[in-house]
>>> print(open('query.tsv').read())   # TSV, C-alpha atoms
chain	number	residue	atom	x	y	z
C	1	MET	CA	56.59	43.11	-27.66
C	2	ASP	CA	58.26	45.00	-30.47
C	3	ASP	CA	58.13	42.27	-33.08
C	4	ASN	CA	54.60	40.98	-32.59
C	5	VAL	CA	53.14	42.60	-35.68
C	6	ILE	CA	49.82	40.78	-35.53
C	7	LEU	CA	49.35	41.72	-31.89
C	8	ARG	CA	50.24	45.37	-32.47
C	9	VAL	CA	48.04	45.80	-35.53
C	10	GLY	CA	45.22	43.82	-33.94
C	11	ALA	CA	45.30	45.98	-30.83
C	12	LYS	CA	45.36	49.12	-32.93
C	13	VAL	CA	42.24	47.96	-34.75
C	14	LEU	CA	40.45	46.84	-31.59
C	15	ILE	CA	41.08	49.75	-29.23
C	16	PRO	CA	38.78	52.34	-30.90
C	17	PHE	CA	35.95	49.82	-30.93
C	18	ILE	CA	36.51	48.98	-27.27
C	19	LEU	CA	36.32	52.68	-26.41
C	20	LEU	CA	33.19	53.07	-28.54
C	21	PHE	CA	31.60	50.04	-26.90
C	22	ALA	CA	32.35	51.52	-23.46
C	23	LEU	CA	30.54	54.72	-24.46
C	24	TYR	CA	27.62	52.65	-25.76
C	25	VAL	CA	27.43	50.74	-22.47
C	26	GLN	CA	27.55	54.03	-20.59
C	27	PHE	CA	24.84	55.86	-22.48
C	28	HIS	CA	22.64	52.85	-23.19
C	29	GLY	CA	22.53	51.91	-19.51
C	30	ASP	CA	19.06	53.46	-19.19
C	31	TYR	CA	17.66	51.07	-21.78
C	32	GLY	CA	19.69	47.88	-21.55
C	33	PRO	CA	22.23	46.19	-19.33
C	34	GLY	CA	25.16	48.37	-18.48
C	35	GLY	CA	25.99	51.56	-16.68
C	36	GLY	CA	28.83	53.48	-15.17
C	37	PHE	CA	30.65	50.61	-13.46
C	38	GLN	CA	30.79	48.39	-16.54
C	39	ALA	CA	31.57	51.25	-18.92
C	40	GLY	CA	34.41	52.48	-16.70
C	41	VAL	CA	35.99	49.03	-16.60
C	42	ILE	CA	35.68	48.56	-20.38
C	43	PHE	CA	37.10	52.02	-21.03
C	44	ALA	CA	40.02	51.21	-18.73
C	45	ALA	CA	40.47	47.81	-20.44
C	46	ALA	CA	41.25	49.59	-23.70
C	47	PHE	CA	44.10	51.48	-22.02
C	48	VAL	CA	45.31	48.29	-20.30
C	49	LEU	CA	45.39	46.54	-23.69
C	50	TYR	CA	47.38	49.45	-25.10
C	51	ALA	CA	49.84	49.22	-22.21
C	52	LEU	CA	50.20	45.44	-22.57
C	53	VAL	CA	50.92	45.60	-26.31
C	54	TYR	CA	52.81	48.88	-26.70
C	55	GLY	CA	54.58	48.97	-23.34
C	56	LEU	CA	54.03	50.93	-20.18
C	57	ASP	CA	56.16	53.91	-21.25
C	58	ASN	CA	53.96	54.67	-24.24
C	59	ALA	CA	50.83	54.11	-22.15
C	60	THR	CA	52.12	56.52	-19.51
C	61	ARG	CA	52.62	59.10	-22.25
C	62	VAL	CA	49.03	58.61	-23.42
C	63	LEU	CA	47.55	58.58	-19.93
C	64	PRO	CA	49.80	59.84	-17.12
C	65	PRO	CA	48.92	58.30	-13.75
C	66	SER	CA	48.21	61.77	-12.37
C	67	VAL	CA	45.29	61.96	-14.82
C	68	SER	CA	44.01	58.62	-13.53
C	69	TYR	CA	44.17	59.84	-9.94
C	70	ALA	CA	42.45	63.10	-10.87
C	71	CYS	CA	39.67	61.16	-12.65
C	72	ALA	CA	39.19	58.89	-9.64
C	73	ALA	CA	38.68	61.87	-7.34
C	74	LEU	CA	36.69	63.91	-9.88
C	75	GLY	CA	34.06	61.20	-10.28
C	76	VAL	CA	33.28	61.13	-6.57
C	77	ILE	CA	33.12	64.94	-6.61
C	78	ILE	CA	30.64	64.86	-9.54
C	79	TYR	CA	28.46	62.32	-7.76
C	80	VAL	CA	28.41	64.15	-4.44
C	81	GLY	CA	28.07	67.44	-6.34
C	82	VAL	CA	24.80	66.28	-7.90
C	83	GLY	CA	23.59	65.54	-4.38
C	84	TYR	CA	24.46	69.03	-3.19
C	85	VAL	CA	22.89	70.66	-6.27
C	86	THR	CA	19.58	68.93	-5.56
C	87	LEU	CA	19.97	69.92	-1.91
C	88	GLY	CA	20.45	73.54	-3.00
C	89	LEU	CA	17.37	73.36	-5.23
C	90	GLY	CA	15.27	72.42	-2.24
C	91	ALA	CA	14.94	68.65	-2.59
C	92	ASN	CA	16.48	65.79	-0.66
C	93	PHE	CA	20.11	64.82	-1.16
C	94	LEU	CA	20.18	63.08	-4.59
C	95	GLY	CA	16.47	63.77	-5.14
C	96	TYR	CA	16.67	64.31	-8.89
C	97	ASP	CA	13.08	65.46	-9.45
C	98	VAL	CA	14.00	69.14	-9.14
C	99	LEU	CA	16.81	69.10	-11.73
C	100	ALA	CA	14.37	69.95	-14.56
C	101	HIS	CA	10.85	71.31	-14.86
C	102	ASP	CA	9.47	67.81	-15.41
C	103	PRO	CA	10.32	65.32	-12.64
C	104	LEU	CA	10.92	62.54	-15.19
C	105	HIS	CA	13.41	64.74	-17.05
C	106	GLY	CA	15.00	65.61	-13.74
C	107	GLN	CA	15.43	61.90	-13.00
C	108	HIS	CA	17.04	61.39	-16.41
C	109	TYR	CA	19.46	64.27	-15.87
C	110	GLY	CA	20.27	63.13	-12.35
C	111	ILE	CA	20.96	59.54	-13.39
C	112	MET	CA	23.04	60.70	-16.34
C	113	PHE	CA	25.28	62.91	-14.21
C	114	VAL	CA	25.56	60.34	-11.45
C	115	GLU	CA	26.56	57.66	-13.95
C	116	LEU	CA	29.08	60.12	-15.38
C	117	GLY	CA	30.61	60.37	-11.92
C	118	VAL	CA	30.67	56.59	-11.56
C	119	VAL	CA	32.31	56.00	-14.94
C	120	THR	CA	34.95	58.66	-14.26
C	121	THR	CA	35.87	57.19	-10.89
C	122	VAL	CA	35.90	53.57	-12.07
C	123	PHE	CA	38.00	54.45	-15.13
C	124	GLY	CA	40.50	56.41	-13.04
C	125	VAL	CA	40.71	53.72	-10.36
C	126	MET	CA	41.17	50.83	-12.79
C	127	THR	CA	43.88	52.52	-14.84
C	128	GLY	CA	45.51	53.81	-11.64
C	129	LEU	CA	45.50	50.33	-10.11
C	130	PHE	CA	46.98	48.83	-13.26
C	131	HIS	CA	49.70	51.48	-13.32
C	132	ALA	CA	50.48	50.95	-9.64
C	133	PHE	CA	50.96	47.22	-10.24
C	134	ALA	CA	52.76	47.46	-13.56
C	135	ASP	CA	55.15	50.30	-12.69
C	136	ARG	CA	57.08	48.37	-10.05
C	137	PRO	CA	60.68	47.41	-10.69
C	138	ARG	CA	60.93	43.66	-11.23
C	139	PRO	CA	62.69	41.96	-8.35
C	140	ARG	CA	66.11	40.56	-9.13
C	141	ARG	CA	66.17	36.84	-8.63
L	1	MET	CA	14.50	21.55	-18.90
L	2	ILE	CA	17.18	23.06	-21.13
L	3	ILE	CA	17.85	25.71	-18.48
L	4	GLU	CA	18.45	23.00	-15.86
L	5	LEU	CA	20.91	21.23	-18.15
L	6	VAL	CA	22.77	24.50	-18.76
L	7	ASP	CA	22.80	25.16	-15.01
L	8	ILE	CA	24.23	21.71	-14.29
L	9	ALA	CA	26.84	22.02	-17.03
L	10	ILE	CA	28.03	25.43	-15.78
L	11	LEU	CA	28.10	24.31	-12.14
L	12	VAL	CA	30.09	21.18	-13.03
L	13	LEU	CA	32.55	23.31	-15.01
L	14	LEU	CA	32.80	25.70	-12.05
L	15	GLY	CA	33.64	22.81	-9.75
L	16	VAL	CA	36.22	21.42	-12.18
L	17	THR	CA	37.81	24.86	-12.57
L	18	GLY	CA	37.97	25.34	-8.80
L	19	LEU	CA	39.61	21.95	-8.26
L	20	THR	CA	42.06	22.65	-11.09
L	21	ILE	CA	43.06	25.96	-9.48
L	22	ILE	CA	43.78	24.10	-6.23
L	23	ARG	CA	45.90	21.46	-7.98
L	24	LEU	CA	47.87	23.85	-10.21
L	25	ARG	CA	51.34	24.86	-9.04
L	26	ASN	CA	51.95	27.24	-11.95
L	27	LEU	CA	50.38	30.50	-10.80
L	28	PHE	CA	50.10	31.96	-14.32
L	29	ALA	CA	47.86	29.06	-15.28
L	30	ALA	CA	45.97	29.45	-11.99
L	31	ALA	CA	45.34	33.16	-12.75
L	32	MET	CA	43.99	32.27	-16.19
L	33	MET	CA	41.78	29.58	-14.63
L	34	ALA	CA	40.46	32.19	-12.17
L	35	GLY	CA	39.53	34.31	-15.18
L	36	ILE	CA	37.68	31.33	-16.68
L	37	TYR	CA	35.94	30.83	-13.32
L	38	SER	CA	34.70	34.43	-13.45
L	39	LEU	CA	33.50	33.98	-17.02
L	40	LEU	CA	31.56	30.84	-16.01
L	41	SER	CA	30.03	32.74	-13.08
L	42	ALA	CA	29.00	35.46	-15.53
L	43	SER	CA	27.31	32.83	-17.70
L	44	LEU	CA	25.48	31.57	-14.62
L	45	PHE	CA	24.24	35.11	-13.90
L	46	VAL	CA	23.00	35.37	-17.49
L	47	VAL	CA	21.05	32.13	-17.02
L	48	MET	CA	19.53	33.69	-13.86
L	49	ASP	CA	18.48	36.76	-15.92
L	50	ALA	CA	20.84	39.06	-13.99
L	51	VAL	CA	22.50	40.53	-17.07
L	52	ASP	CA	23.81	43.66	-15.33
L	53	VAL	CA	25.60	41.56	-12.72
L	54	ALA	CA	26.88	39.22	-15.41
L	55	PHE	CA	28.25	42.19	-17.33
L	56	THR	CA	30.12	43.46	-14.28
L	57	GLU	CA	31.44	40.00	-13.42
L	58	ALA	CA	32.73	39.45	-16.96
L	59	ALA	CA	34.36	42.89	-17.17
L	60	VAL	CA	35.84	43.07	-13.66
L	61	GLY	CA	36.31	39.43	-12.69
L	62	ALA	CA	37.45	37.97	-15.98
L	63	GLY	CA	39.08	41.11	-17.37
L	64	ILE	CA	40.72	43.56	-15.00
L	65	SER	CA	41.26	41.16	-12.05
L	66	THR	CA	43.12	38.71	-14.26
L	67	VAL	CA	45.36	41.47	-15.58
L	68	LEU	CA	46.07	42.71	-12.04
L	69	MET	CA	46.83	39.15	-10.92
L	70	LEU	CA	49.24	38.69	-13.83
L	71	GLY	CA	50.85	42.03	-12.94
L	72	THR	CA	51.33	40.78	-9.38
L	73	LEU	CA	52.80	37.48	-10.60
L	74	ALA	CA	55.34	39.40	-12.67
L	75	LEU	CA	56.57	40.82	-9.33
L	76	VAL	CA	56.39	37.80	-7.06
L	77	GLY	CA	57.23	34.90	-9.39
L	78	HIS	CA	54.92	32.35	-10.94
L	79	GLN	CA	55.77	29.02	-9.38
L	80	GLU	CA	54.17	27.97	-6.13
L	81	ALA	CA	56.29	25.85	-3.84
L	82	ALA	CA	54.93	22.33	-3.39
L	83	PRO	CA	53.32	21.91	0.03
L	84	ARG	CA	55.41	19.87	2.44
L	85	ARG	CA	52.48	18.12	4.06
L	86	THR	CA	48.78	17.69	3.48
L	87	ALA	CA	46.80	20.48	5.14
L	88	TRP	CA	44.16	18.48	7.00
L	89	LEU	CA	43.00	21.26	9.34
L	90	PRO	CA	42.17	23.76	6.53
L	91	LEU	CA	40.39	20.95	4.65
L	92	PHE	CA	38.33	20.22	7.78
L	93	VAL	CA	37.47	23.92	8.31
L	94	VAL	CA	36.49	24.37	4.66
L	95	SER	CA	34.37	21.20	4.67
L	96	VAL	CA	32.50	22.18	7.83
L	97	THR	CA	31.90	25.72	6.51
L	98	GLY	CA	30.69	24.39	3.18
L	99	ALA	CA	28.37	21.89	4.87
L	100	ALA	CA	26.96	24.69	7.06
L	101	LEU	CA	26.34	26.84	3.98
L	102	VAL	CA	24.59	23.99	2.16
L	103	TYR	CA	22.52	23.35	5.30
L	104	GLY	CA	21.61	27.05	5.31
L	105	THR	CA	20.25	26.85	1.77
L	106	LEU	CA	17.79	24.09	2.77
L	107	ASP	CA	15.56	26.68	4.47
L	108	MET	CA	15.69	29.13	1.60
L	109	PRO	CA	12.56	29.66	-0.51
L	110	PRO	CA	12.73	28.28	-4.06
L	111	PHE	CA	14.55	30.44	-6.59
L	112	GLY	CA	12.29	32.75	-8.62
L	113	ASN	CA	9.12	32.12	-6.61
L	114	PRO	CA	7.02	35.34	-6.68
L	115	ASP	CA	5.90	34.73	-3.06
L	116	ASN	CA	9.47	34.96	-1.75
L	117	PRO	CA	9.99	37.65	0.90
L	118	VAL	CA	12.50	39.45	-1.34
L	119	HIS	CA	9.74	39.99	-3.92
L	120	GLN	CA	7.22	41.24	-1.36
L	121	HIS	CA	9.05	44.18	0.23
L	122	VAL	CA	10.05	47.14	-1.98
L	123	ALA	CA	10.58	45.26	-5.24
L	124	PRO	CA	6.91	45.50	-6.39
L	125	HIS	CA	7.01	49.27	-5.92
L	126	TYR	CA	10.22	49.55	-7.98
L	127	LEU	CA	8.85	47.35	-10.75
L	128	GLU	CA	5.44	49.02	-10.94
L	129	GLU	CA	6.38	52.65	-10.37
L	130	THR	CA	9.66	52.95	-12.31
L	131	PRO	CA	7.85	53.91	-15.57
L	132	ASN	CA	5.89	56.63	-13.72
L	133	GLU	CA	8.55	57.91	-11.32
L	134	ILE	CA	11.80	57.47	-13.26
L	135	GLY	CA	10.63	56.83	-16.79
L	136	MET	CA	13.33	54.48	-18.02
L	137	PRO	CA	13.05	50.90	-19.25
L	138	ASN	CA	15.97	49.41	-17.29
L	139	VAL	CA	14.72	49.01	-13.72
L	140	VAL	CA	18.19	47.97	-12.56
L	141	THR	CA	19.62	51.35	-13.53
L	142	ALA	CA	16.65	53.12	-11.94
L	143	VAL	CA	17.16	51.29	-8.65
L	144	LEU	CA	20.93	51.65	-8.75
L	145	ALA	CA	21.18	55.32	-9.59
L	146	SER	CA	17.94	56.82	-8.29
L	147	TYR	CA	16.07	54.77	-5.67
L	148	ARG	CA	19.34	53.59	-4.16
L	149	GLY	CA	21.48	56.49	-5.32
L	150	TYR	CA	22.85	56.97	-1.83
L	151	ASP	CA	24.21	53.40	-1.77
L	152	THR	CA	25.81	53.82	-5.17
L	153	MET	CA	27.51	56.98	-3.92
L	154	GLY	CA	29.00	54.86	-1.14
L	155	GLU	CA	30.13	52.26	-3.67
L	156	THR	CA	31.83	54.91	-5.77
L	157	ALA	CA	33.59	56.19	-2.67
L	158	VAL	CA	34.66	52.61	-1.82
L	159	VAL	CA	36.14	52.16	-5.31
L	160	PHE	CA	38.03	55.42	-4.85
L	161	THR	CA	39.23	54.30	-1.41
L	162	ALA	CA	40.56	51.07	-2.95
L	163	LEU	CA	42.79	53.11	-5.24
L	164	VAL	CA	44.01	55.23	-2.34
L	165	GLY	CA	44.85	52.10	-0.36
L	166	VAL	CA	46.77	50.48	-3.21
L	167	LEU	CA	48.65	53.70	-3.92
L	168	LEU	CA	49.66	54.03	-0.26
L	169	LEU	CA	51.09	50.52	-0.42
L	170	LEU	CA	52.54	50.32	-3.94
L	171	ALA	CA	52.91	53.69	-5.64
L	172	ARG	CA	56.30	55.05	-6.53
L	173	GLY	CA	56.27	58.81	-6.59
L	174	PRO	CA	58.59	61.67	-5.81
L	175	ARG	CA	59.66	61.79	-2.20
L	176	PRO	CA	57.79	64.42	-0.18
L	177	ARG	CA	59.84	67.56	0.24
L	178	TRP	CA	58.36	68.27	3.64
L	179	THR	CA	58.72	65.75	6.39
L	180	ARG	CA	57.99	65.41	10.07
L	181	PRO	CA	61.01	66.13	12.25
L	182	PRO	CA	61.63	63.41	14.85
L	183	GLY	CA	59.88	63.97	18.15
L	184	SER	CA	57.14	66.17	16.73
L	185	TRP	CA	53.74	64.95	15.61
L	186	TRP	CA	52.41	68.23	14.23
L	187	ALA	CA	55.22	70.28	12.68
L	188	LEU	CA	56.50	69.88	9.12
L	189	ALA	CA	60.05	70.82	8.26
L	190	PRO	CA	61.89	70.94	4.93
L	191	GLU	CA	63.62	67.66	4.34
L	192	ASP	CA	67.40	67.56	4.52
L	193	GLU	CA	68.36	67.66	0.83
L	194	LYS	CA	71.69	65.91	1.17
L	195	GLU	CA	70.37	63.09	3.31
L	196	SER	CA	67.46	62.40	1.01
L	197	LYS	CA	69.74	62.29	-2.04
L	198	GLU	CA	72.00	59.81	-0.30
L	199	GLU	CA	68.99	57.65	0.52
L	200	GLU	CA	67.83	57.77	-3.08
L	201	GLY	CA	71.29	56.70	-4.18
L	202	ASP	CA	71.12	53.79	-1.75
L	203	ALA	CA	67.74	52.76	-3.04
L	204	ARG	CA	68.99	52.76	-6.62
L	205	GLY	CA	72.24	50.95	-5.95
>>> encode(input="query.tsv", output="structure tokens")
Amino acid sequence: MDDNVILRVGAKVLIPFILLFALYVQFHGDYGPGGGFQAGVIFAAAFVLYALVYGLDNATRVLPPSVSYACAALGVIIYVGVGYVTLGLGANFLGYDVLAHDPLHGQHYGIMFVELGVVTTVFGVMTGLFHAFADRPRPRR
Amino acid sequence: MIIELVDIAILVLLGVTGLTIIRLRNLFAAAMMAGIYSLLSASLFVVMDAVDVAFTEAAVGAGISTVLMLGTLALVGHQEAAPRRTAWLPLFVVSVTGAALVYGTLDMPPFGNPDNPVHQHVAPHYLEETPNEIGMPNVVTAVLASYRGYDTMGETAVVFTALVGVLLLLARGPRPRWTRPPGSWWALAPEDEKESKEEEGDARG
């Protein structure tokens, strides 16, 4: 898509706002609709748009698939890690009350970290899936 | 009244979209119609006040799934062969299943009734105690990440497993340098360099 000027410029304008919107969805999930799953998908959509408009080679340079795979695994580790931290602090697995002096603050911290794990995994999985599908040689026909 | 009209309009559009997908032979158009189907479903969820679900459906169903489907079509071709004969048996199976599902809904309590069993079990506790126990306005997030945090951990692991499965099937990476020698299920031996290079050459040519 080298000669589609409108598409290239349009994507360039849109991508930062898509990323910003993903962060808004992530951190506003406590107050409105949204959360880790949606934010991860929207964050990944920005990279998919970049790959569609600027080509897979450039996208791979921006985000190597190994980073995607690492993110996918890291998110699960963060999530389970929160569970083990609460376990170590003497509460149930994923019982966030003990994460701060005030149980309500502990719940906020716990949910924030858990959602961070979710968004990391979903982002890594979505970009990794897209790369796995897009990086196949086209069959000769 | 208005809500009912919106419901009917969306459901009719859903039906039309589904029938169109069946009739289409161009798979690119079918993939785009599937995206529209997801977007209509998302609108239906909004009408039912399930904004979090609608959000997910719009982002995953209409966004990423469509892109993945288009990526698949780029590999497998985009024209479906015309069927040679009418598939009566699948039509029969689908009709019977659909009729059974509709029959199953006849017993269901009316949508949104506060006396429904689903609103009598743990839901009142979540709705009443979330401000005291979790302290955040969005009850959906409180249930998802705190009350049912264990389930969400499983979901995250499932999403991760999906990537692992796709990578095992599709990923192109460097060949492993260590391989299992024939006849042994436990030992790993360095791969024969020359042989592997020849194989790579074959794969390229």
>>> interface_residues(input="query.tsv", of="chain L", to="chain C", cutoff="6 Å", atoms="only C-alpha atoms", output="ChimeraX atom specification")
/L:52,56,71,75,134-138,145,163,171
>>> closest_residue(input="query.tsv", among="C:Tyr109, C:Leu99, C:Ser68, C:Tyr54", to="Ala11 in chain C", atoms="only C-alpha atoms")
C:Tyr54
>>> residues_around(input="query.tsv", residues="Lys12 in chain C", least_positions_apart="4", cutoff="10 Å", atoms="all atoms listed in the file", output="ChimeraX atom specification")
/C:6-8,16-17,49-50,53-54
>>> closest_residue(input="query.tsv", among="C:Leu14, C:Ala100, C:Ala70, C:Leu87", to="Val164 in chain L", atoms="only C-alpha atoms")
C:Ala70
>>> residues_near_point(input="query.tsv", point="(50.8, 55.4, -27.5)", cutoff="10 Å", atoms="all atoms listed in the file", output="list in words")
Lys12, Phe47, Tyr50, Ala51, Val53, Tyr54, Gly55, Leu56, Asp57, Asn58, Ala59, Thr60, Arg61, Val62 and Leu63 of chain C
>>> residues_around(input="query.tsv", residues="range 33-44 of chain L", least_positions_apart="3", cutoff="8 Å", atoms="all atoms listed in the file", output="PyMOL selection string")
chain L and resi 7+10+13-14+17-18+20-21+29-30+47-48+53-55+57-58+61-63+65-66
>>> write_last_selection(input="query.tsv", atoms="C-alpha atoms", output="compact mmCIF listing (two decimals), in the coordinates of the input")
# COMPACT_ATOMS: atom_id res chain seq x y z
CA ASP L 7 22.80 25.16 -15.01
CA ILE L 10 28.03 25.43 -15.78
CA LEU L 13 32.55 23.31 -15.01
CA LEU L 14 32.80 25.70 -12.05
CA THR L 17 37.81 24.86 -12.57
CA GLY L 18 37.97 25.34 -8.80
CA THR L 20 42.06 22.65 -11.09
CA ILE L 21 43.06 25.96 -9.48
CA ALA L 29 47.86 29.06 -15.28
CA ALA L 30 45.97 29.45 -11.99
CA VAL L 47 21.05 32.13 -17.02
CA MET L 48 19.53 33.69 -13.86
CA VAL L 53 25.60 41.56 -12.72
CA ALA L 54 26.88 39.22 -15.41
CA PHE L 55 28.25 42.19 -17.33
CA GLU L 57 31.44 40.00 -13.42
CA ALA L 58 32.73 39.45 -16.96
CA GLY L 61 36.31 39.43 -12.69
CA ALA L 62 37.45 37.97 -15.98
CA GLY L 63 39.08 41.11 -17.37
CA SER L 65 41.26 41.16 -12.05
CA THR L 66 43.12 38.71 -14.26
>>> atom_distance(input="query.tsv", atom1="CA of Ile78 in chain C", atom2="CA of Pro131 in chain L")
26.0 Å
>>> atom_distance(input="query.tsv", atom1="CA of Ile64 in chain L", atom2="CA of Met32 in chain L")
11.8 Å
>>> atom_distance(input="query.tsv", atom1="CA of Asn132 in chain L", atom2="CA of Leu89 in chain C")
22.0 Å
>>> residues_around(input="query.tsv", residues="Leu73 in chain L", least_positions_apart="3", cutoff="10 Å", atoms="only C-alpha atoms", output="PDB file with C-alpha atoms, in the coordinates of the input")
ATOM      1  CA  PHE C 133      50.960  47.220 -10.240  1.00  0.00           C
TER       2      PHE C 133
ATOM      3  CA  LEU L  27      50.380  30.500 -10.800  1.00  0.00           C
ATOM      4  CA  PHE L  28      50.100  31.960 -14.320  1.00  0.00           C
ATOM      5  CA  ALA L  31      45.340  33.160 -12.750  1.00  0.00           C
ATOM      6  CA  VAL L  67      45.360  41.470 -15.580  1.00  0.00           C
ATOM      7  CA  LEU L  68      46.070  42.710 -12.040  1.00  0.00           C
ATOM      8  CA  MET L  69      46.830  39.150 -10.920  1.00  0.00           C
ATOM      9  CA  LEU L  70      49.240  38.690 -13.830  1.00  0.00           C
ATOM     10  CA  VAL L  76      56.390  37.800  -7.060  1.00  0.00           C
ATOM     11  CA  GLY L  77      57.230  34.900  -9.390  1.00  0.00           C
ATOM     12  CA  HIS L  78      54.920  32.350 -10.940  1.00  0.00           C
ATOM     13  CA  GLN L  79      55.770  29.020  -9.380  1.00  0.00           C
TER      14      GLN L  79
END
>>> residues_around(input="query.tsv", residues="Tyr126 in chain L", least_positions_apart="6", cutoff="9 Å", atoms="all atoms listed in the file", output="ChimeraX atom specification")
/L:139,142-143,147
>>> axis_aligned_box(input="query.tsv", around="range 45-52 of chain C", padding_each_side="4 Å", output="JSON")
{"center_x": 45.3, "center_y": 48.5, "center_z": -22.7, "size_x": 17.7, "size_y": 14.0, "size_z": 12.8}
>>> closest_residue(input="query.tsv", among="C:Val5, C:Ala91, C:Ala46, C:Val85", to="Phe123 in chain C", atoms="all atoms listed in the file")
C:Ala46
>>> decode(input="query.tsv", residues="range 69-87 of chain C", atoms="N, CA and C atoms", output="PDB file, in the first residue's frame")
ATOM      1  N   TYR C  69       4.926 -12.647  22.292  1.00  0.00           N
ATOM      2  CA  TYR C  69       4.858 -13.905  23.047  1.00  0.00           C
ATOM      3  C   TYR C  69       5.234 -13.649  24.510  1.00  0.00           C
ATOM      4  N   ALA C  70       6.272 -12.811  24.713  1.00  0.00           N
ATOM      5  CA  ALA C  70       6.688 -12.516  26.080  1.00  0.00           C
ATOM      6  C   ALA C  70       5.560 -11.831  26.844  1.00  0.00           C
ATOM      7  N   CYS C  71       4.862 -10.868  26.172  1.00  0.00           N
ATOM      8  CA  CYS C  71       3.741 -10.187  26.824  1.00  0.00           C
ATOM      9  C   CYS C  71       2.658 -11.189  27.207  1.00  0.00           C
ATOM     10  N   ALA C  72       2.345 -12.097  26.273  1.00  0.00           N
ATOM     11  CA  ALA C  72       1.267 -13.056  26.542  1.00  0.00           C
ATOM     12  C   ALA C  72       1.580 -13.870  27.794  1.00  0.00           C
ATOM     13  N   ALA C  73       2.827 -14.300  27.930  1.00  0.00           N
ATOM     14  CA  ALA C  73       3.184 -15.103  29.109  1.00  0.00           C
ATOM     15  C   ALA C  73       3.278 -14.227  30.353  1.00  0.00           C
ATOM     16  N   LEU C  74       3.826 -13.001  30.174  1.00  0.00           N
ATOM     17  CA  LEU C  74       4.035 -12.119  31.327  1.00  0.00           C
ATOM     18  C   LEU C  74       2.717 -11.763  32.014  1.00  0.00           C
ATOM     19  N   GLY C  75       1.664 -11.556  31.214  1.00  0.00           N
ATOM     20  CA  GLY C  75       0.387 -11.181  31.806  1.00  0.00           C
ATOM     21  C   GLY C  75      -0.137 -12.257  32.732  1.00  0.00           C
ATOM     22  N   VAL C  76      -0.063 -13.518  32.288  1.00  0.00           N
ATOM     23  CA  VAL C  76      -0.520 -14.611  33.152  1.00  0.00           C
ATOM     24  C   VAL C  76       0.328 -14.654  34.420  1.00  0.00           C
ATOM     25  N   ILE C  77       1.645 -14.406  34.261  1.00  0.00           N
ATOM     26  CA  ILE C  77       2.529 -14.435  35.437  1.00  0.00           C
ATOM     27  C   ILE C  77       2.131 -13.330  36.419  1.00  0.00           C
ATOM     28  N   ILE C  78       1.825 -12.106  35.873  1.00  0.00           N
ATOM     29  CA  ILE C  78       1.414 -11.013  36.761  1.00  0.00           C
ATOM     30  C   ILE C  78       0.163 -11.409  37.532  1.00  0.00           C
ATOM     31  N   TYR C  79      -0.820 -11.945  36.792  1.00  0.00           N
ATOM     32  CA  TYR C  79      -2.100 -12.297  37.428  1.00  0.00           C
ATOM     33  C   TYR C  79      -1.886 -13.324  38.534  1.00  0.00           C
ATOM     34  N   VAL C  80      -1.212 -14.424  38.190  1.00  0.00           N
ATOM     35  CA  VAL C  80      -0.990 -15.463  39.192  1.00  0.00           C
ATOM     36  C   VAL C  80      -0.096 -14.928  40.302  1.00  0.00           C
ATOM     37  N   GLY C  81       0.850 -14.026  39.941  1.00  0.00           N
ATOM     38  CA  GLY C  81       1.741 -13.456  40.934  1.00  0.00           C
ATOM     39  C   GLY C  81       0.982 -12.693  42.000  1.00  0.00           C
ATOM     40  N   VAL C  82      -0.038 -11.918  41.578  1.00  0.00           N
ATOM     41  CA  VAL C  82      -0.863 -11.206  42.564  1.00  0.00           C
ATOM     42  C   VAL C  82      -1.479 -12.206  43.537  1.00  0.00           C
ATOM     43  N   GLY C  83      -1.961 -13.339  42.968  1.00  0.00           N
ATOM     44  CA  GLY C  83      -2.536 -14.364  43.834  1.00  0.00           C
ATOM     45  C   GLY C  83      -1.541 -14.864  44.859  1.00  0.00           C
ATOM     46  N   TYR C  84      -0.303 -15.107  44.426  1.00  0.00           N
ATOM     47  CA  TYR C  84       0.688 -15.634  45.366  1.00  0.00           C
ATOM     48  C   TYR C  84       1.117 -14.587  46.385  1.00  0.00           C
ATOM     49  N   VAL C  85       1.147 -13.293  45.951  1.00  0.00           N
ATOM     50  CA  VAL C  85       1.501 -12.242  46.908  1.00  0.00           C
ATOM     51  C   VAL C  85       0.466 -12.192  48.035  1.00  0.00           C
ATOM     52  N   THR C  86      -0.821 -12.225  47.658  1.00  0.00           N
ATOM     53  CA  THR C  86      -1.844 -12.199  48.710  1.00  0.00           C
ATOM     54  C   THR C  86      -1.753 -13.449  49.577  1.00  0.00           C
ATOM     55  N   LEU C  87      -1.405 -14.573  48.951  1.00  0.00           N
ATOM     56  CA  LEU C  87      -1.224 -15.809  49.713  1.00  0.00           C
ATOM     57  C   LEU C  87      -0.098 -15.635  50.730  1.00  0.00           C
TER      58      LEU C  87
END
